[in-house]
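**Q** So here's target_16.cif, just mmCIF, C-alpha atoms:
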```
data_input
loop_
_atom_site.label_atom_id
_atom_site.label_comp_id
_atom_site.auth_asym_id
_atom_site.auth_seq_id
_atom_site.Cartn_x
_atom_site.Cartn_y
_atom_site.Cartn_z
CA MET A 81 58.60 -35.19 171.65
CA GLY A 82 61.90 -36.05 173.27
CA SER A 83 63.43 -36.07 176.71
CA ARG A 84 64.88 -32.96 178.32
CA SER A 85 68.35 -34.50 178.04
CA GLY A 86 68.09 -34.39 174.26
CA ARG A 87 67.86 -38.14 173.87
CA PRO A 88 64.73 -39.57 172.27
CA GLU A 89 62.13 -41.28 174.42
CA VAL A 90 62.17 -44.98 173.57
CA ALA A 91 59.80 -47.80 174.47
CA VAL A 92 60.99 -51.41 174.19
CA ILE A 93 58.47 -54.24 173.80
CA THR A 94 58.67 -58.02 173.75
CA MET A 95 56.47 -61.11 174.00
CA ALA A 96 57.48 -63.89 176.35
CA ARG A 97 56.38 -67.36 177.33
CA ASP A 98 58.13 -69.26 180.13
CA GLU A 99 61.44 -67.44 179.73
CA GLY A 100 62.69 -68.40 183.19
CA ASP A 101 65.75 -66.52 184.39
CA LEU A 102 66.49 -64.83 181.05
CA LEU A 103 63.59 -62.38 181.18
CA PRO A 104 64.91 -60.52 184.27
CA VAL A 105 68.23 -60.13 182.41
CA TRP A 106 66.29 -58.62 179.47
CA VAL A 107 64.51 -56.19 181.78
CA SER A 108 67.72 -55.17 183.53
CA HIS A 109 69.55 -54.64 180.23
CA TYR A 110 66.93 -52.50 178.53
CA ALA A 111 66.16 -50.60 181.73
CA ARG A 112 69.75 -49.34 181.64
CA HIS A 113 69.17 -48.00 178.13
CA VAL A 114 65.65 -46.56 178.27
CA GLY A 115 64.41 -46.82 181.87
CA ILE A 116 62.31 -49.61 183.38
CA ASP A 117 59.07 -47.61 183.09
CA ASN A 118 59.45 -47.71 179.31
CA LEU A 119 59.49 -51.50 178.96
CA VAL A 120 56.43 -53.55 178.01
CA VAL A 121 56.32 -57.34 178.29
CA LEU A 122 53.40 -59.25 176.76
CA ASP A 123 52.98 -62.53 178.62
CA ASP A 124 51.97 -65.29 176.21
CA ASN A 125 50.43 -67.59 178.85
CA SER A 126 53.54 -68.25 180.94
CA VAL A 127 53.22 -70.82 183.72
CA ASP A 128 56.74 -70.60 185.17
CA GLY A 129 56.26 -67.30 187.05
CA SER A 130 58.89 -65.57 184.91
CA THR A 131 56.75 -62.46 184.36
CA ASP A 132 56.02 -61.95 188.05
CA ASP A 133 57.58 -58.97 189.86
CA LEU A 134 59.60 -57.71 186.89
CA GLY A 135 59.13 -54.06 187.79
CA CYS A 136 58.01 -53.08 184.29
CA THR A 137 54.63 -53.15 182.56
CA VAL A 138 53.39 -56.72 181.99
CA HIS A 139 50.21 -57.46 180.06
CA ARG A 140 48.92 -61.01 179.93
CA VAL A 141 47.32 -61.82 176.59
CA PRO A 142 44.78 -64.58 175.88
CA PRO A 143 45.91 -67.63 173.89
CA LEU A 144 46.69 -66.69 170.31
CA LYS A 145 45.69 -68.75 167.30
CA GLY A 146 48.16 -71.47 166.43
CA GLY A 147 49.54 -72.90 163.24
CA LEU A 148 50.05 -70.65 160.26
CA GLU A 149 47.86 -67.98 161.87
CA PHE A 150 50.08 -67.49 164.92
CA GLU A 151 52.71 -65.17 163.44
CA PRO A 152 50.28 -62.92 161.53
CA VAL A 153 48.22 -62.54 164.70
CA ARG A 154 51.32 -61.85 166.79
CA MET A 155 52.50 -59.23 164.30
CA ARG A 156 49.10 -57.52 164.30
CA LEU A 157 49.23 -57.39 168.08
CA MET A 158 52.78 -56.03 168.29
CA ASN A 159 52.19 -53.52 165.49
CA GLY A 160 49.02 -52.29 167.15
CA ILE A 161 50.79 -51.78 170.48
CA ALA A 162 53.71 -50.08 168.75
CA SER A 163 51.33 -47.75 166.92
CA GLY A 164 49.74 -46.69 170.19
CA LEU A 165 53.08 -46.20 171.93
CA LEU A 166 54.28 -43.93 169.12
CA ALA A 167 51.63 -41.45 170.21
CA ALA A 168 53.72 -40.90 173.36
CA TYR A 169 57.23 -42.04 172.44
CA ASP A 170 59.74 -41.01 169.82
CA TYR A 171 60.68 -44.63 169.08
CA VAL A 172 59.45 -48.15 169.64
CA VAL A 173 61.83 -51.11 169.64
CA PHE A 174 60.60 -54.69 169.28
CA VAL A 175 62.97 -57.52 170.25
CA ASP A 176 62.64 -61.07 171.52
CA VAL A 177 63.67 -61.96 175.06
CA ASP A 178 66.98 -63.44 173.88
CA GLU A 179 67.88 -60.39 171.76
CA PHE A 180 70.03 -57.65 173.30
CA ILE A 181 70.81 -54.39 171.50
CA VAL A 182 74.20 -52.92 172.42
CA THR A 183 76.48 -50.12 171.25
CA ASP A 184 80.13 -49.26 171.74
CA PRO A 185 79.90 -47.56 175.17
CA SER A 186 82.83 -45.27 174.39
CA LEU A 187 80.82 -43.81 171.49
CA PHE A 188 77.23 -44.21 172.65
CA PRO A 189 76.55 -44.99 176.33
CA THR A 190 73.03 -46.14 175.36
CA PHE A 191 71.41 -46.89 172.03
CA PRO A 192 69.09 -43.82 172.37
CA ASP A 193 72.33 -41.79 172.31
CA LEU A 194 73.11 -43.39 168.94
CA LEU A 195 69.64 -42.53 167.64
CA GLU A 196 70.17 -38.91 168.62
CA ALA A 197 73.63 -38.83 167.07
CA ARG A 198 72.25 -40.25 163.83
CA GLY A 199 69.71 -37.45 163.58
CA ARG A 200 66.76 -39.56 164.68
CA PRO A 201 66.24 -41.71 161.58
CA GLU A 202 62.74 -42.97 160.85
CA THR A 203 63.83 -46.61 160.98
CA LEU A 204 66.99 -48.48 161.83
CA GLY A 205 68.23 -52.04 161.52
CA VAL A 206 70.66 -53.85 163.77
CA VAL A 207 73.80 -55.88 163.09
CA GLY A 208 72.66 -59.37 164.06
CA LEU A 209 75.25 -61.54 165.80
CA ASN A 210 74.38 -65.00 167.05
CA VAL A 211 76.50 -65.44 170.16
CA LEU A 212 77.91 -68.95 170.00
CA HIS A 213 79.03 -71.17 172.86
CA VAL A 214 82.26 -72.97 172.01
CA PRO A 215 82.45 -75.63 174.73
CA SER A 216 86.11 -76.47 174.07
CA ALA A 217 87.09 -72.88 174.90
CA GLU A 218 84.21 -71.91 177.20
CA PRO A 219 83.40 -75.02 179.22
CA ALA A 220 81.27 -73.50 181.97
CA PRO A 221 77.49 -73.21 181.56
CA LEU A 222 76.37 -69.63 181.05
CA ASP A 223 75.80 -67.93 184.40
CA LEU A 224 73.07 -65.33 183.88
CA GLY A 225 74.00 -63.72 187.19
CA ARG A 226 77.38 -62.65 185.78
CA PRO A 227 78.26 -60.40 182.81
CA LEU A 228 77.59 -62.53 179.75
CA LEU A 229 80.45 -61.21 177.64
CA ASP A 230 82.87 -62.22 180.38
CA GLN A 231 81.83 -65.77 179.53
CA ARG A 232 81.28 -65.76 175.77
CA SER A 233 83.61 -64.49 173.04
CA PHE A 234 82.40 -65.99 169.77
CA ALA A 235 79.61 -65.25 167.32
CA LYS A 236 78.32 -65.78 163.80
CA PHE A 237 77.10 -62.84 161.76
CA THR A 238 73.55 -63.70 160.73
CA PRO A 239 71.93 -61.62 157.98
CA LEU A 240 68.45 -62.83 158.95
CA MET A 241 68.95 -61.28 162.39
CA CYS A 242 69.72 -57.85 160.94
CA LYS A 243 66.18 -56.86 161.85
CA PRO A 244 64.49 -53.47 161.44
CA SER A 245 63.97 -53.45 165.20
CA VAL A 246 63.83 -49.67 165.69
CA LYS A 247 61.21 -47.31 164.26
CA ARG A 248 59.59 -43.95 164.90
CA ILE A 249 57.03 -44.22 162.11
CA ASN A 250 53.86 -46.26 161.94
CA ALA A 251 55.14 -48.86 159.46
CA GLY A 252 54.30 -52.45 160.19
CA TRP A 253 56.73 -55.19 161.08
CA ALA A 254 56.21 -58.48 159.25
CA ILE A 255 57.65 -62.01 158.98
CA SER A 256 58.37 -62.37 162.71
CA SER A 257 59.71 -58.76 162.73
CA HIS A 258 62.44 -59.66 160.22
CA ALA A 259 60.81 -57.28 157.72
CA LEU A 260 59.31 -53.80 157.70
CA LYS A 261 56.82 -52.11 155.39
CA ALA A 262 59.19 -49.16 155.03
CA PRO A 263 62.84 -48.74 153.95
CA TYR A 264 65.53 -49.14 156.58
CA ALA A 265 69.30 -49.22 156.80
CA ILE A 266 71.47 -51.36 159.07
CA ASP A 267 73.59 -49.23 161.36
CA PRO A 268 77.14 -50.63 161.65
CA GLU A 269 77.40 -49.50 165.29
CA LEU A 270 74.04 -50.86 166.48
CA PHE A 271 74.57 -54.50 167.39
CA MET A 272 72.03 -57.07 168.45
CA LEU A 273 73.43 -60.02 170.38
CA HIS A 274 71.15 -63.04 170.01
CA LEU A 275 71.62 -65.63 172.75
CA LYS A 276 69.80 -68.62 171.31
CA PHE A 277 73.08 -70.49 170.74
CA ALA A 278 75.02 -68.94 173.63
CA ASP A 279 74.82 -72.00 175.88
CA ARG A 280 74.57 -75.62 174.79
CA ASP A 281 72.53 -76.79 177.77
CA ARG A 282 70.07 -73.94 177.51
CA LEU A 283 69.79 -74.46 173.75
CA ALA A 284 68.74 -78.06 174.40
CA GLU A 285 66.04 -77.01 176.86
CA VAL A 286 64.72 -74.15 174.74
CA ALA A 287 64.66 -76.36 171.63
CA ARG A 288 62.70 -79.00 173.55
CA LEU A 289 60.14 -76.50 174.88
CA ARG A 290 59.68 -74.78 171.51
CA ASN A 291 59.30 -78.07 169.71
CA GLU A 292 56.58 -79.06 172.20
CA VAL A 293 54.75 -75.78 171.51
CA SER A 294 55.11 -76.28 167.76
CA LYS A 295 53.69 -79.78 168.00
CA ALA A 296 50.82 -78.57 170.19
CA ASP A 297 49.55 -75.73 167.98
CA GLY A 298 51.57 -75.91 164.75
CA ARG A 299 53.38 -72.60 165.12
CA ALA A 300 56.76 -72.15 163.40
CA GLU A 301 56.85 -75.80 162.36
CA GLU A 302 58.78 -74.90 159.19
CA ALA A 303 61.42 -73.07 161.25
CA SER A 304 63.81 -74.39 163.90
CA TRP A 305 60.84 -74.77 166.30
CA GLY A 306 59.79 -77.73 164.18
CA LYS A 307 63.06 -79.60 164.83
CA GLU A 308 63.53 -82.03 167.69
CA ALA A 309 66.03 -80.92 170.35
CA ASP A 310 68.50 -83.66 169.46
CA GLN A 311 68.44 -82.52 165.82
CA VAL A 312 69.30 -78.96 166.84
CA LEU A 313 72.07 -80.13 169.18
CA ALA A 314 73.59 -82.36 166.51
CA ILE A 315 73.91 -79.37 164.19
CA PHE A 316 75.30 -77.22 167.01
CA ASP A 317 77.93 -79.83 167.93
CA GLU A 318 78.94 -80.17 164.29
CA VAL A 319 79.46 -76.41 163.99
CA VAL A 320 81.59 -75.96 167.13
CA ALA A 321 83.73 -79.08 166.69
CA GLU A 322 87.50 -78.59 166.34
CA VAL A 323 87.49 -74.81 166.75
CA ASP A 324 90.91 -73.19 167.11
CA PRO A 325 90.12 -70.09 169.20
CA ALA A 326 93.43 -68.41 168.36
CA ALA A 327 92.59 -68.51 164.66
CA VAL A 328 89.17 -66.85 164.94
CA PRO A 329 89.19 -63.19 163.73
CA GLU A 330 87.21 -60.37 165.31
CA PHE A 331 83.99 -59.44 163.55
CA ASP A 332 84.28 -56.33 161.39
CA PRO A 333 80.98 -54.71 160.32
CA ALA A 334 82.76 -53.07 157.39
CA ALA A 335 83.27 -56.50 155.83
CA ALA A 336 79.59 -57.45 156.01
CA ASP A 337 78.26 -55.37 153.07
CA LEU A 338 75.57 -53.87 155.29
CA GLU A 339 74.72 -51.14 152.77
CA GLU A 340 73.67 -53.79 150.25
CA MET A 341 72.03 -56.16 152.71
CA VAL A 342 68.43 -54.91 152.72
CA ILE A 343 66.25 -56.00 149.81
CA PHE A 344 62.67 -55.18 148.79
CA HIS A 345 60.36 -58.14 148.25
CA ASN A 346 56.55 -58.48 148.24
CA GLY A 347 56.04 -54.98 149.58
CA ARG A 348 58.47 -55.44 152.47
CA HIS A 349 62.04 -54.46 153.20
CA ARG A 350 64.13 -57.26 154.67
CA THR A 351 67.45 -59.08 154.50
CA PRO A 352 67.87 -62.14 152.26
CA LYS A 353 66.22 -65.22 153.68
CA GLN A 354 68.73 -67.57 155.28
CA GLY A 355 67.41 -69.46 158.30
CA GLN A 356 69.08 -69.63 161.69
CA ILE A 357 70.29 -73.19 161.19
CA ALA A 358 71.62 -72.45 157.69
CA ALA A 359 73.51 -69.41 159.02
CA LEU A 360 74.87 -71.46 161.91
CA ARG A 361 76.34 -73.89 159.41
CA LYS A 362 77.47 -71.54 156.66
CA GLN A 363 78.57 -68.27 158.25
CA PRO A 364 82.19 -68.06 159.45
CA LEU A 365 82.98 -68.06 163.14
CA THR A 366 84.15 -64.68 164.47
CA ARG A 367 85.05 -63.08 167.76
CA LEU A 368 82.69 -60.55 169.27
CA PRO A 369 84.05 -57.00 168.87
CA SER A 370 86.25 -56.27 171.86
CA ARG A 371 84.78 -52.78 172.21
CA LEU A 372 81.46 -54.35 173.23
CA HIS A 373 82.96 -55.98 176.31
CA GLY A 374 80.96 -55.07 179.39
CA THR A 375 77.79 -54.15 177.50
CA LEU A 376 75.97 -57.35 178.43
#
```
Go ahead and render the structure in this file as structure tokens.

**A**
Amino acid sequence: MGSRSGRPEVAVITMARDEGDLLPVWVSHYARHVGIDNLVVLDDNSVDGSTDDLGCTVHRVPPLKGGLEFEPVRMRLMNGIASGLLAAYDYVVFVDVDEFIVTDPSLFPTFPDLLEARGRPETLGVVGLNVLHVPSAEPAPLDLGRPLLDQRSFAKFTPLMCKPSVKRINAGWAISSHALKAPYAIDPELFMLHLKFADRDRLAEVARLRNEVSKADGRAEEASWGKEADQVLAIFDEVVAEVDPAAVPEFDPAAADLEEMVIFHNGRHRTPKQGQIAALRKQPLTRLPSRLHGTL
């Protein structure tokens, strides 16, 4: 398999529920990397119309089991779809709607170019950066109609988000796709920008909606979904208080010990468990690498 240009053929999949104006941004971003015909969105019972007229494949799934069964069922579904797609594609990538894979455009115009340059590895992990809104330095709400990295400059490296998002073998994802039943390495030039904390107002709304879902069916109640919106915002405000932008260094992947990051536990390869909220509090604030400007 493989395209005539020499780049691998890549499918990108996600599952979405009521993602509003962010989902079209996701489609536009990944369409630039792999082509819109190679995107698959599973609609988890959206009611806001966000999956209408996206231009890519959308499949509406019936309600999944809630509570502790939700994630195992979701992983079975995504792994099954990925397995089928690998019959036609070189790679399958699984990311959430607020997760954007980017590369240094001067080195790799698209991330399939990186996969080709790396010799088409069986699996690959991303460098997870939680983009962080610092209201004192970036007062305007995030405008999704404009380039995002024109508006946001700060991030926190988050080991938990160094996911094995990319694979060309039929090895299952597990633990909300934070783990893989096969070895993987984290590529220092394959970044994933996670936007959960990229805008304070949006964080409040997303936290409220997710907490409502968690209360309704019990899913992810042990994670941040189980926290009330005001709890999440209080932590966020604590983290971004009294930031001196001039003193924040640029993130350097070489300082992150990526080669030692992946561990093997209970039959799965993953990064050490440190939740999103814990990373938000404990990881140092950095600037997004300047070479990524314009990629999102």

**Q** List the neighbours of His349 of chain A out to 8 Å using only C-alpha atoms; skip same-chain residues closer than 3 positions along the sequence, and give me the result as a list of chain:residue names.

**A** A:Ala259, A:Leu260, A:Lys261, A:Ala262, A:Pro263, A:Tyr264, A:Val342, A:Ile343, A:Phe344, A:His345

**Q** Care to translate the PyMOL selection byres ((chain A and resi 211) around 9) into actual residues of this file, as a list in words?

**A**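 Taken on the displayed file, the PyMOL selection byres ((chain A and resi 211) around 9) yields the residues Leu209, Asn210, Leu212, His213, Arg232, Ser233, Phe234, Ala235, Lys236, Phe237, Leu273, His274, Leu275, Lys276, Phe277, Ala278, Asp279 and Leu368 of chain A.
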
**Q** Here is a test: counting all atoms listed in the file, which residue of A:Ala254, A:Met272, A:Val319, A:Val114 is nearest to Arg156 of chain A?

**A**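 Counting all atoms listed in the file, the residue closest to Arg156 of chain A is A:Ala254.
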
**Q** Could you tell me which of A:Pro88, A:Ala162, A:Asp132, A:His139 comes closest to Pro201 of chain A if we count only C-alpha atoms?

**A**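 Counting only C-alpha atoms, the residue closest to Pro201 of chain A is A:Pro88.
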
**Q** Could you list the residues chosen by the PyMOL selection byres ((chain A and resi 109-113) around 10) in this structure as JSON, numbers by chain?

**A** {"A": [90, 91, 92, 93, 103, 104, 105, 106, 107, 108, 114, 115, 116, 117, 118, 119, 135, 136, 180, 181, 182, 189, 190, 191, 192, 193, 375, 376]}
